[in-house]
Every structure is written in structure tokens, then in C-alpha cells.
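Dumped start.cif below, it's mmCIF, C-alpha atoms:
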```
data_data
#
loop_
_atom_site.group_PDB
_atom_site.id
_atom_site.type_symbol
_atom_site.label_atom_id
_atom_site.label_comp_id
_atom_site.auth_asym_id
_atom_site.auth_seq_id
_atom_site.Cartn_x
_atom_site.Cartn_y
_atom_site.Cartn_z
ATOM 1 C CA MET A 1270 110.223 112.872 95.521
ATOM 2 C CA ASN A 1271 112.036 109.750 94.360
ATOM 3 C CA VAL A 1272 114.649 107.676 96.154
ATOM 4 C CA LYS A 1273 117.561 109.190 94.244
ATOM 5 C CA GLN A 1274 116.497 112.754 95.015
ATOM 6 C CA LEU A 1275 115.994 111.850 98.657
ATOM 7 C CA ALA A 1276 119.481 110.348 98.841
ATOM 8 C CA GLU A 1277 120.977 113.493 97.270
ATOM 9 C CA GLU A 1278 119.027 115.955 99.407
ATOM 10 C CA LEU A 1279 119.856 114.174 102.647
ATOM 11 C CA ASN A 1280 123.367 113.150 101.697
ATOM 12 C CA LEU A 1281 122.643 109.453 102.170
ATOM 13 C CA GLU A 1282 125.211 106.830 101.263
ATOM 14 C CA ILE A 1283 123.921 104.433 98.610
ATOM 15 C CA LEU A 1284 124.816 100.859 99.594
ATOM 16 C CA THR A 1285 122.692 98.980 97.068
ATOM 17 C CA GLU A 1286 120.761 100.253 94.086
ATOM 18 C CA GLY A 1287 117.277 99.039 93.327
ATOM 19 C CA ASP A 1288 114.855 101.310 91.503
ATOM 20 C CA LEU A 1289 116.173 104.763 92.374
ATOM 21 C CA GLU A 1290 113.404 106.429 90.389
ATOM 22 C CA ARG A 1291 110.786 105.012 92.711
ATOM 23 C CA ASP A 1292 108.659 107.560 94.574
ATOM 24 C CA VAL A 1293 108.847 107.908 98.344
ATOM 25 C CA LEU A 1294 105.388 108.735 99.643
ATOM 26 C CA GLU A 1295 105.746 108.036 103.348
ATOM 27 C CA CYS A 1296 108.254 107.363 106.090
ATOM 28 C CA TYR A 1297 108.155 104.473 108.567
ATOM 29 C CA ILE A 1298 110.401 103.715 111.550
ATOM 30 C CA GLY A 1299 110.796 100.313 113.184
ATOM 31 C CA ASP A 1300 113.226 97.540 114.071
ATOM 32 C CA LEU A 1301 110.962 94.683 115.024
ATOM 33 C CA LEU A 1302 110.572 92.880 111.747
ATOM 34 C CA SER A 1303 107.226 91.184 112.435
ATOM 35 C CA TRP A 1304 105.807 94.536 113.370
ATOM 36 C CA VAL A 1305 107.263 96.378 110.399
ATOM 37 C CA MET A 1306 106.198 93.736 107.911
ATOM 38 C CA GLY A 1307 102.544 94.198 108.753
ATOM 39 C CA ARG A 1308 102.553 97.954 109.133
ATOM 40 C CA ALA A 1309 105.113 99.704 106.951
ATOM 41 C CA PRO A 1310 103.176 101.383 104.135
ATOM 42 C CA GLU A 1311 103.960 100.591 100.521
ATOM 43 C CA ASP A 1312 106.214 103.165 98.859
ATOM 44 C CA SER A 1313 107.636 104.331 102.173
ATOM 45 C CA ALA A 1314 111.202 104.980 103.241
ATOM 46 C CA TRP A 1315 111.821 102.478 106.058
ATOM 47 C CA LEU A 1316 114.221 103.713 108.737
ATOM 48 C CA THR A 1317 115.831 100.974 110.816
ATOM 49 C CA VAL A 1318 119.016 99.689 112.399
ATOM 50 C CA MET A 1319 118.382 96.132 111.201
ATOM 51 C CA GLY A 1320 120.772 95.377 108.356
ATOM 52 C CA ASN A 1321 120.423 91.610 108.250
ATOM 53 C CA ILE A 1322 119.089 89.334 105.557
ATOM 54 C CA ASN A 1323 115.584 89.210 107.003
ATOM 55 C CA SER A 1324 115.268 92.969 106.603
ATOM 56 C CA ILE A 1325 115.534 92.470 102.857
ATOM 57 C CA ALA A 1326 112.703 89.935 102.867
ATOM 58 C CA VAL A 1327 110.573 92.318 104.934
ATOM 59 C CA ALA A 1328 111.330 95.241 102.601
ATOM 60 C CA THR A 1329 110.296 93.109 99.646
ATOM 61 C CA LEU A 1330 107.108 91.832 101.250
ATOM 62 C CA ALA A 1331 106.025 95.227 102.552
ATOM 63 C CA ASP A 1332 107.060 96.743 99.210
ATOM 64 C CA VAL A 1333 108.805 99.787 100.631
ATOM 65 C CA SER A 1334 110.672 102.169 98.326
ATOM 66 C CA CYS A 1335 113.954 101.854 100.208
ATOM 67 C CA ILE A 1336 115.611 100.884 103.457
ATOM 68 C CA ILE A 1337 117.551 103.615 105.238
ATOM 69 C CA LEU A 1338 120.007 102.321 107.826
ATOM 70 C CA VAL A 1339 120.275 104.988 110.499
ATOM 71 C CA GLU A 1340 123.087 105.722 112.969
ATOM 72 C CA ASN A 1341 125.528 104.025 110.613
ATOM 73 C CA ALA A 1342 124.043 100.599 111.353
ATOM 74 C CA ALA A 1343 125.883 97.741 109.706
ATOM 75 C CA LEU A 1344 124.715 95.937 106.586
ATOM 76 C CA ASP A 1345 125.973 92.395 106.549
ATOM 77 C CA GLU A 1346 127.353 90.836 103.403
ATOM 78 C CA GLU A 1347 124.631 88.266 102.752
ATOM 79 C CA ALA A 1348 121.984 90.945 103.244
ATOM 80 C CA LYS A 1349 123.782 93.117 100.676
ATOM 81 C CA ASN A 1350 123.862 90.252 98.189
ATOM 82 C CA LYS A 1351 120.216 89.486 98.691
ATOM 83 C CA ALA A 1352 119.272 93.152 98.307
ATOM 84 C CA GLU A 1353 121.140 93.293 95.003
ATOM 85 C CA MET A 1354 119.429 90.115 93.860
ATOM 86 C CA HIS A 1355 115.974 91.492 94.688
ATOM 87 C CA ASP A 1356 116.581 95.110 93.588
ATOM 88 C CA VAL A 1357 116.131 96.548 97.059
ATOM 89 C CA THR A 1358 117.690 99.996 97.551
ATOM 90 C CA ILE A 1359 119.582 100.436 100.815
ATOM 91 C CA LEU A 1360 120.807 103.837 101.953
ATOM 92 C CA ARG A 1361 122.712 104.808 105.074
ATOM 93 C CA THR A 1362 123.197 107.839 107.282
ATOM 94 C CA GLU A 1363 124.876 108.666 110.575
ATOM 95 C CA GLU A 1364 121.774 110.505 111.757
ATOM 96 C CA ASN A 1365 119.231 108.895 114.046
ATOM 97 C CA SER A 1366 115.701 108.022 112.990
ATOM 98 C CA TYR A 1367 114.103 111.011 114.614
ATOM 99 C CA SER A 1368 116.237 113.697 113.033
ATOM 100 C CA LEU A 1369 116.195 112.001 109.642
ATOM 101 C CA ALA A 1370 112.418 111.553 109.708
ATOM 102 C CA LEU A 1371 111.989 115.258 110.472
ATOM 103 C CA LYS A 1372 113.974 116.103 107.353
ATOM 104 C CA ILE A 1373 112.110 113.564 105.246
ATOM 105 C CA SER A 1374 108.787 115.030 106.307
ATOM 106 C CA GLU A 1375 109.870 118.376 104.871
ATOM 107 C CA LEU A 1376 110.777 116.809 101.539
ATOM 108 C CA ILE A 1377 107.942 114.447 100.752
ATOM 109 C CA MET B 873 88.223 72.871 92.529
ATOM 110 C CA SER B 874 90.268 71.704 89.576
ATOM 111 C CA ASN B 875 91.286 75.075 88.177
ATOM 112 C CA ALA B 876 93.696 75.879 91.004
ATOM 113 C CA ILE B 877 97.335 76.663 90.391
ATOM 114 C CA HIS B 878 99.332 74.463 92.716
ATOM 115 C CA LEU B 879 102.760 75.441 94.075
ATOM 116 C CA HIS B 880 105.035 73.475 96.380
ATOM 117 C CA TYR B 881 108.045 74.681 98.396
ATOM 118 C CA GLU B 882 110.458 73.068 100.807
ATOM 119 C CA VAL B 883 111.387 75.170 103.842
ATOM 120 C CA SER B 884 114.891 74.443 105.161
ATOM 121 C CA ALA B 885 115.619 74.093 108.856
ATOM 122 C CA ASP B 886 117.702 76.762 110.600
ATOM 123 C CA ASP B 887 118.210 78.702 107.406
ATOM 124 C CA PHE B 888 117.147 82.301 107.793
ATOM 125 C CA THR B 889 118.798 83.171 104.533
ATOM 126 C CA ARG B 890 116.226 81.192 102.573
ATOM 127 C CA ALA B 891 113.174 82.008 104.676
ATOM 128 C CA GLY B 892 111.019 84.297 102.615
ATOM 129 C CA GLU B 893 111.757 82.605 99.310
ATOM 130 C CA ALA B 894 108.450 80.749 99.223
ATOM 131 C CA SER B 895 106.425 83.806 100.207
ATOM 132 C CA GLY B 896 108.413 86.018 97.838
ATOM 133 C CA SER B 897 107.841 83.619 94.983
ATOM 134 C CA VAL B 898 104.098 83.334 95.678
ATOM 135 C CA LYS B 899 103.911 87.107 95.846
ATOM 136 C CA LYS B 900 105.493 87.419 92.403
ATOM 137 C CA ARG B 901 103.187 84.767 90.977
ATOM 138 C CA LEU B 902 100.056 86.444 92.351
ATOM 139 C CA LYS B 903 101.239 89.789 91.020
ATOM 140 C CA SER B 904 101.718 88.371 87.542
ATOM 141 C CA LEU B 905 98.234 86.838 87.726
ATOM 142 C CA GLY B 906 96.804 90.272 88.484
ATOM 143 C CA TYR B 907 95.506 89.701 92.018
ATOM 144 C CA ASN B 908 94.836 92.838 94.043
ATOM 145 C CA SER B 909 97.732 94.177 96.068
ATOM 146 C CA ASP B 910 95.970 93.947 99.434
ATOM 147 C CA ALA B 911 95.355 90.217 99.031
ATOM 148 C CA ILE B 912 98.910 89.676 97.789
ATOM 149 C CA ARG B 913 100.328 91.503 100.775
ATOM 150 C CA ARG B 914 98.220 89.505 103.220
ATOM 151 C CA VAL B 915 99.190 86.169 101.696
ATOM 152 C CA ALA B 916 102.875 87.103 101.590
ATOM 153 C CA ILE B 917 103.039 88.355 105.173
ATOM 154 C CA ALA B 918 101.149 85.371 106.621
ATOM 155 C CA MET B 919 103.336 82.945 104.689
ATOM 156 C CA TYR B 920 106.565 84.661 105.674
ATOM 157 C CA GLU B 921 105.648 84.617 109.378
ATOM 158 C CA ALA B 922 104.806 80.938 109.073
ATOM 159 C CA GLU B 923 108.059 80.206 107.261
ATOM 160 C CA ILE B 924 110.008 81.986 109.991
ATOM 161 C CA ASN B 925 108.137 79.935 112.603
ATOM 162 C CA MET B 926 109.172 76.755 110.823
ATOM 163 C CA VAL B 927 112.792 77.868 110.717
ATOM 164 C CA ILE B 928 112.816 78.883 114.392
ATOM 165 C CA HIS B 929 110.756 76.154 116.006
ATOM 166 C CA ALA B 930 110.606 73.167 113.693
ATOM 167 C CA ASP B 931 113.139 71.393 111.519
ATOM 168 C CA GLY B 932 111.786 73.075 108.445
ATOM 169 C CA GLY B 933 109.017 71.456 106.468
ATOM 170 C CA TYR B 934 107.052 72.176 103.331
ATOM 171 C CA CYS B 935 104.491 74.559 102.050
ATOM 172 C CA ASP B 936 101.677 73.876 99.567
ATOM 173 C CA VAL B 937 99.874 76.758 97.926
ATOM 174 C CA ASP B 938 96.647 76.558 95.912
ATOM 175 C CA ILE B 939 95.680 79.658 94.008
ATOM 176 C CA TYR B 940 91.983 79.932 93.074
ATOM 177 C CA PRO B 941 90.279 82.851 91.346
ATOM 178 C CA ASP B 942 88.600 83.942 94.587
ATOM 179 C CA LYS B 943 90.994 82.743 97.300
ATOM 180 C CA VAL B 944 94.456 81.484 98.120
ATOM 181 C CA GLU B 945 94.869 78.427 100.333
ATOM 182 C CA VAL B 946 98.156 77.602 102.018
ATOM 183 C CA LEU B 947 99.246 74.565 104.002
ATOM 184 C CA LEU B 948 102.467 74.807 105.999
ATOM 185 C CA ALA B 949 103.459 71.451 107.426
ATOM 186 C CA ASP B 950 106.383 70.643 109.695
ATOM 187 C CA LYS B 951 107.667 67.722 111.712
ATOM 188 C CA GLY B 952 108.669 69.933 114.638
ATOM 189 C CA PRO B 953 107.930 69.523 118.334
ATOM 190 C CA GLY B 954 104.289 70.646 118.096
ATOM 191 C CA ILE B 955 102.697 73.545 119.994
ATOM 192 C CA PRO B 956 101.897 72.601 123.614
ATOM 193 C CA ASP B 957 99.429 75.439 124.221
ATOM 194 C CA VAL B 958 97.918 76.919 121.071
ATOM 195 C CA ASP B 959 95.872 79.555 122.953
ATOM 196 C CA LYS B 960 99.022 80.847 124.584
ATOM 197 C CA ALA B 961 100.918 80.834 121.282
ATOM 198 C CA MET B 962 98.126 82.943 119.805
ATOM 199 C CA GLN B 963 98.645 85.704 122.388
ATOM 200 C CA GLU B 964 100.563 88.725 121.171
ATOM 201 C CA GLY B 965 103.866 88.952 122.985
ATOM 202 C CA PHE B 966 104.099 85.296 123.991
ATOM 203 C CA SER B 967 107.242 83.751 122.544
ATOM 204 C CA THR B 968 109.498 80.776 123.131
ATOM 205 C CA ALA B 969 112.063 81.876 120.546
ATOM 206 C CA PRO B 970 115.740 81.850 121.599
ATOM 207 C CA ASP B 971 117.810 85.031 121.993
ATOM 208 C CA ASN B 972 119.704 84.661 118.712
ATOM 209 C CA VAL B 973 116.371 84.909 116.922
ATOM 210 C CA ARG B 974 115.421 88.038 118.852
ATOM 211 C CA ASN B 975 118.650 89.663 117.743
ATOM 212 C CA LEU B 976 117.484 89.210 114.167
ATOM 213 C CA GLY B 977 114.316 91.175 114.866
ATOM 214 C CA PHE B 978 111.962 88.267 115.417
ATOM 215 C CA GLY B 979 110.755 86.339 118.440
ATOM 216 C CA ALA B 980 108.470 89.066 119.722
ATOM 217 C CA GLY B 981 105.467 86.800 119.899
ATOM 218 C CA MET B 982 103.860 88.386 116.847
ATOM 219 C CA GLY B 983 104.017 85.457 114.436
ATOM 220 C CA LEU B 984 100.763 83.573 114.914
ATOM 221 C CA PRO B 985 98.767 86.698 115.885
ATOM 222 C CA ASN B 986 100.016 88.365 112.681
ATOM 223 C CA ILE B 987 99.060 85.326 110.634
ATOM 224 C CA LYS B 988 95.563 85.362 112.090
ATOM 225 C CA LYS B 989 95.267 89.082 111.462
ATOM 226 C CA TYR B 990 96.132 88.810 107.783
ATOM 227 C CA THR B 991 94.142 85.718 106.869
ATOM 228 C CA ASP B 992 90.422 85.080 106.595
ATOM 229 C CA GLU B 993 90.678 81.558 107.955
ATOM 230 C CA MET B 994 93.380 79.935 110.021
ATOM 231 C CA ARG B 995 93.418 76.410 111.435
ATOM 232 C CA ILE B 996 96.151 74.705 113.440
ATOM 233 C CA GLU B 997 96.510 70.943 113.771
ATOM 234 C CA THR B 998 99.335 70.145 116.143
ATOM 235 C CA THR B 999 100.537 66.989 117.895
ATOM 236 C CA ILE B 1000 103.343 67.029 120.441
ATOM 237 C CA GLY B 1001 106.396 65.241 119.090
ATOM 238 C CA VAL B 1002 104.850 64.790 115.658
ATOM 239 C CA GLY B 1003 104.481 68.217 114.086
ATOM 240 C CA THR B 1004 102.161 71.006 113.115
ATOM 241 C CA ASN B 1005 99.957 71.684 110.120
ATOM 242 C CA LEU B 1006 98.871 75.247 109.622
ATOM 243 C CA TYR B 1007 96.040 75.874 107.142
ATOM 244 C CA LEU B 1008 95.495 79.408 105.884
ATOM 245 C CA THR B 1009 92.933 80.948 103.565
ATOM 246 C CA VAL B 1010 93.012 84.462 102.188
ATOM 247 C CA ASN B 1011 89.938 85.572 100.260
ATOM 248 C CA VAL B 1012 90.768 87.659 97.245
ATOM 249 C CA LYS B 1013 87.609 89.683 96.755
#
```
Represent the structure contained in this file as C-alpha cells.
Amino acid sequence: MNVKQLAEELNLEILTEGDLERDVLECYIGDLLSWVMGRAPEDSAWLTVMGNINSIAVATLADVSCIILVENAALDEEAKNKAEMHDVTILRTEENSYSLALKISELI
Amino acid sequence: MSNAIHLHYEVSADDFTRAGEASGSVKKRLKSLGYNSDAIRRVAIAMYEAEINMVIHADGGYCDVDIYPDKVEVLLADKGPGIPDVDKAMQEGFSTAPDNVRNLGFGAGMGLPNIKKYTDEMRIETTIGVGTNLYLTVNVK
């Protein structure tokens, strides 16, 4: 399943568009950036509440398929700009990580 | 070795918005040179943690990268306050980062332990009041 299909299936708001055709192979949840950076698998959907500029750097370094901001977490403006510059896809939902991850596990 | 590719970056003080530019750029370069993705990931993560450390604790500094066919060597040098107790700083969970940094998702005391985890060699030279040099090597094989 690719990022675009995932966004459609789960009714996720698209905040920035990177490569929407990219496959999502796994799901990872975490808010502590140092932790996430070392452990989030490549090609995963990363569920977090951290919508700051450092999240974009972490997403790029860990090479995740997309960031999904859960519980309507805010994305700040400079993070949005940086995501657009680096082609990082950011999606958003009002659901929490647990319920969203359950749905993702059924799709991927 | 004379066949190294040498890269140099300045790391700005107190500028989280630019932290990650050096590591991101090295990552791209290694990718274009065809290095394996595991090595690229390890170099990028170690460098990013070190950059963040320089932004949080020191007044920025610079970063020199030498890319060899079989390894990547990185020097991160700052003129910060130095590390009073390196053993303590190497413990997971030990942090002296201020609260505003924690709110950004850092400051959990994972920086140096992460760097050690992702590199094959790590050496710290630090002098109180003078600064810190961090030498990293990631083998590519």
C-alpha cells in the first residue's frame, strides 16, 4: 500500500506532499526524536505528536515513508516549509496512535 | 589517504532549524556515491545527534567529513564549555539539556550513547572552558 492509498483509506488530511506513491511497509510510533531516529524502520509510517522542524530532519534521516501527526497535533510553519523543501509527506488525523496503528496493521 | 572526499560544514549556535543540514547533505552525497544504506544511516544519525549536541550545549562549531572507499571519518569540533564527566555523559538517560530542548523531543540523554551505538569508533577530546572534539569512524563494509 502506498502513502496516497493509506491517506485515502484512513481519511487522513494531507498537509505536505512528498512522494505519495511511496510504499508503506511498516508502522512506527514515537515522540522522542533521538529514539525514533535510531529505530524507526525505513519505509514506515511514523506516528507522532511532534510537528516541529526537527521531526522533518528525523524523518529524512530515518527515511520513513511519511509522518502522520495524530490527535490533531500541530505542524508549525517552519516545519511545513522544511518538509516541502525536502519532499517529506505529512498527514494528520484526529485519532490517537493506538487506534490508527490498529487500522494501519489491517491495510499493510 | 589521499583519495578521500573532504567536506566541511559550519554548525550554527542555537539554531535548531539548520541542525541536520550537514548530516542531510552527507547522507545525500554518500547515497550518490553508492554506499550501502546501513552505513549511510549510521553516519547520518551519529552526525545529526552530534550536531544537535553542538546546538544545545556549545556555541556551534564545525564539522569535517572525510569519505574513503571503506570508511567515513567525521570530526565535530566546538568551542563550548567542555564535558565535565564524559563517563556520565555516555550513560543513557543522563542529560543536562534545558527544558526548551526537551519540548522539542531531545534532551533525553540519548545523544552520545546513540552516537557510540551507530559508529565503529568514537573518541572524545574535551577540555573545560575550551571545547570538545568528537572523532567518529563508520566502517562501510
Which is closest to chain B among A:Thr1317, A:Ser1366, A:Asn1271, A:Asn1323, if we use only C-alpha atoms?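 Result for the nearest residue to chain B: A:Asn1323.
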Select all residues from chain A having any atom no more than 12 Å from an atom of chain B (counting only C-alpha atoms, ignoring ligands), output as a compact mmCIF listing (two decimals) with C-alpha atoms, in the coordinates of the input.
```txt
# COMPACT_ATOMS: atom_id res chain seq x y z
CA GLY A 1299 110.80 100.31 113.18
CA ASP A 1300 113.23 97.54 114.07
CA LEU A 1301 110.96 94.68 115.02
CA LEU A 1302 110.57 92.88 111.75
CA SER A 1303 107.23 91.18 112.44
CA TRP A 1304 105.81 94.54 113.37
CA VAL A 1305 107.26 96.38 110.40
CA MET A 1306 106.20 93.74 107.91
CA GLY A 1307 102.54 94.20 108.75
CA ARG A 1308 102.55 97.95 109.13
CA ALA A 1309 105.11 99.70 106.95
CA PRO A 1310 103.18 101.38 104.14
CA GLU A 1311 103.96 100.59 100.52
CA THR A 1317 115.83 100.97 110.82
CA VAL A 1318 119.02 99.69 112.40
CA MET A 1319 118.38 96.13 111.20
CA GLY A 1320 120.77 95.38 108.36
CA ASN A 1321 120.42 91.61 108.25
CA ILE A 1322 119.09 89.33 105.56
CA ASN A 1323 115.58 89.21 107.00
CA SER A 1324 115.27 92.97 106.60
CA ILE A 1325 115.53 92.47 102.86
CA ALA A 1326 112.70 89.94 102.87
CA VAL A 1327 110.57 92.32 104.93
CA ALA A 1328 111.33 95.24 102.60
CA THR A 1329 110.30 93.11 99.65
CA LEU A 1330 107.11 91.83 101.25
CA ALA A 1331 106.02 95.23 102.55
CA ASP A 1332 107.06 96.74 99.21
CA VAL A 1333 108.80 99.79 100.63
CA ASP A 1345 125.97 92.40 106.55
CA GLU A 1346 127.35 90.84 103.40
CA GLU A 1347 124.63 88.27 102.75
CA ALA A 1348 121.98 90.94 103.24
CA LYS A 1349 123.78 93.12 100.68
CA ASN A 1350 123.86 90.25 98.19
CA LYS A 1351 120.22 89.49 98.69
CA ALA A 1352 119.27 93.15 98.31
CA HIS A 1355 115.97 91.49 94.69
```
Could you expand the PyMOL selection byres ((chain B and resi 962) around 12) into the explicit residues it covers here, written as a ChimeraX atom specification? /B:955-961,963-967,981-989,994-996
Produce a file of the selected residues containing C-alpha atoms, as a CSV table (one decimal), in the frame of the given file.
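Dumped to again.csv:
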```csv
chain,number,residue,atom,x,y,z
B,955,ILE,CA,102.7,73.5,120.0
B,956,PRO,CA,101.9,72.6,123.6
B,957,ASP,CA,99.4,75.4,124.2
B,958,VAL,CA,97.9,76.9,121.1
B,959,ASP,CA,95.9,79.6,123.0
B,960,LYS,CA,99.0,80.8,124.6
B,961,ALA,CA,100.9,80.8,121.3
B,963,GLN,CA,98.6,85.7,122.4
B,964,GLU,CA,100.6,88.7,121.2
B,965,GLY,CA,103.9,89.0,123.0
B,966,PHE,CA,104.1,85.3,124.0
B,967,SER,CA,107.2,83.8,122.5
B,981,GLY,CA,105.5,86.8,119.9
B,982,MET,CA,103.9,88.4,116.8
B,983,GLY,CA,104.0,85.5,114.4
B,984,LEU,CA,100.8,83.6,114.9
B,985,PRO,CA,98.8,86.7,115.9
B,986,ASN,CA,100.0,88.4,112.7
B,987,ILE,CA,99.1,85.3,110.6
B,988,LYS,CA,95.6,85.4,112.1
B,989,LYS,CA,95.3,89.1,111.5
B,994,MET,CA,93.4,79.9,110.0
B,995,ARG,CA,93.4,76.4,111.4
B,996,ILE,CA,96.2,74.7,113.4
```
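Rounded to one decimal, atom CA of B:Val883 and atom CA of B:Asp931 lie 8.7 Å from each other.
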Written as a ChimeraX atom specification, which residues does the PyMOL selection byres ((chain A and resi 1339) around 12) give for the file shown? /A:1281-1282,1298-1300,1314-1320,1336-1338,1340-1344,1359-1370
Which distance in Å separates atom CA of A:Glu1295 and atom CA of A:Ile1377, to one decimal?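 Answer for the atom CA of A:Glu1295 to atom CA of A:Ile1377 separation: 7.3 Å.
Residues in contact with A:Arg1291 at 9 Å, where all atoms listed in the file are counted and same-chain residues fewer than 6 positions away are skipped, are listed as Met1270, Asn1271, Val1272, Lys1273, Asp1312, Ser1334 and Cys1335 of chain A.
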Report, in Å to a single decimal, how far apart atom CA of B:Asp938 and atom CA of B:Tyr881 are.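 Answer for the atom CA of B:Tyr881 to atom CA of B:Asp938 separation: 11.8 Å.
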Considering only C-alpha atoms, return as a list of chain:residue names whatever protein or nucleic-acid residues lie within 9 Å of B:Cys935, sequence-local ones (same chain, fewer than 5 positions apart) excluded. B:Leu879, B:His880, B:Tyr881, B:Glu882, B:Val883, B:Ala894, B:Met919, B:Glu923, B:Val946, B:Leu947, B:Leu948, B:Ala949, B:Asp950
May I have the centre and edge lengths, in Å to one decimal, of an axis-aligned box around the listed atoms of stretch 1332-1335 of chain A with 3 Å added to every side, as lines of an AutoDock Vina configuration file?
```
center_x = 110.5
center_y = 99.5
center_z = 99.5
size_x = 12.9
size_y = 11.4
size_z = 8.3
```
Using the chain letters and numbers from this file, what does the PyMOL selection byres ((chain B and resi 943) around 12) select? Give the answer as an mmCIF file with C-alpha atoms, keeping the file's coordinate frame.
```cif
data_model
loop_
_atom_site.group_PDB
_atom_site.id
_atom_site.type_symbol
_atom_site.label_atom_id
_atom_site.label_comp_id
_atom_site.auth_asym_id
_atom_site.auth_seq_id
_atom_site.Cartn_x
_atom_site.Cartn_y
_atom_site.Cartn_z
ATOM 1 C CA MET B 873 88.223 72.871 92.529
ATOM 2 C CA ASN B 875 91.286 75.075 88.177
ATOM 3 C CA ALA B 876 93.696 75.879 91.004
ATOM 4 C CA ILE B 877 97.335 76.663 90.391
ATOM 5 C CA LEU B 902 100.056 86.444 92.351
ATOM 6 C CA TYR B 907 95.506 89.701 92.018
ATOM 7 C CA ASN B 908 94.836 92.838 94.043
ATOM 8 C CA ALA B 911 95.355 90.217 99.031
ATOM 9 C CA ILE B 912 98.910 89.676 97.789
ATOM 10 C CA ARG B 914 98.220 89.505 103.220
ATOM 11 C CA VAL B 915 99.190 86.169 101.696
ATOM 12 C CA VAL B 937 99.874 76.758 97.926
ATOM 13 C CA ASP B 938 96.647 76.558 95.912
ATOM 14 C CA ILE B 939 95.680 79.658 94.008
ATOM 15 C CA TYR B 940 91.983 79.932 93.074
ATOM 16 C CA PRO B 941 90.279 82.851 91.346
ATOM 17 C CA ASP B 942 88.600 83.942 94.587
ATOM 18 C CA VAL B 944 94.456 81.484 98.120
ATOM 19 C CA GLU B 945 94.869 78.427 100.333
ATOM 20 C CA VAL B 946 98.156 77.602 102.018
ATOM 21 C CA THR B 991 94.142 85.718 106.869
ATOM 22 C CA ASP B 992 90.422 85.080 106.595
ATOM 23 C CA GLU B 993 90.678 81.558 107.955
ATOM 24 C CA LEU B 1008 95.495 79.408 105.884
ATOM 25 C CA THR B 1009 92.933 80.948 103.565
ATOM 26 C CA VAL B 1010 93.012 84.462 102.188
ATOM 27 C CA ASN B 1011 89.938 85.572 100.260
ATOM 28 C CA VAL B 1012 90.768 87.659 97.245
ATOM 29 C CA LYS B 1013 87.609 89.683 96.755
#
```
Between B:Ser904, B:Val898, B:Ala969, B:Ser884, which has the minimum distance to B:His929 (counting all atoms listed in the file)?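 That would be B:Ala969, the residue with the smallest distance to B:His929.
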Of the listed residues B:Asp886, B:Lys900, B:His878, B:Gly952, that which approaches B:Thr1004 most closely, counting all atoms listed in the file: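 Using all atoms listed in the file, the shortest distance to B:Thr1004 belongs to B:Gly952.
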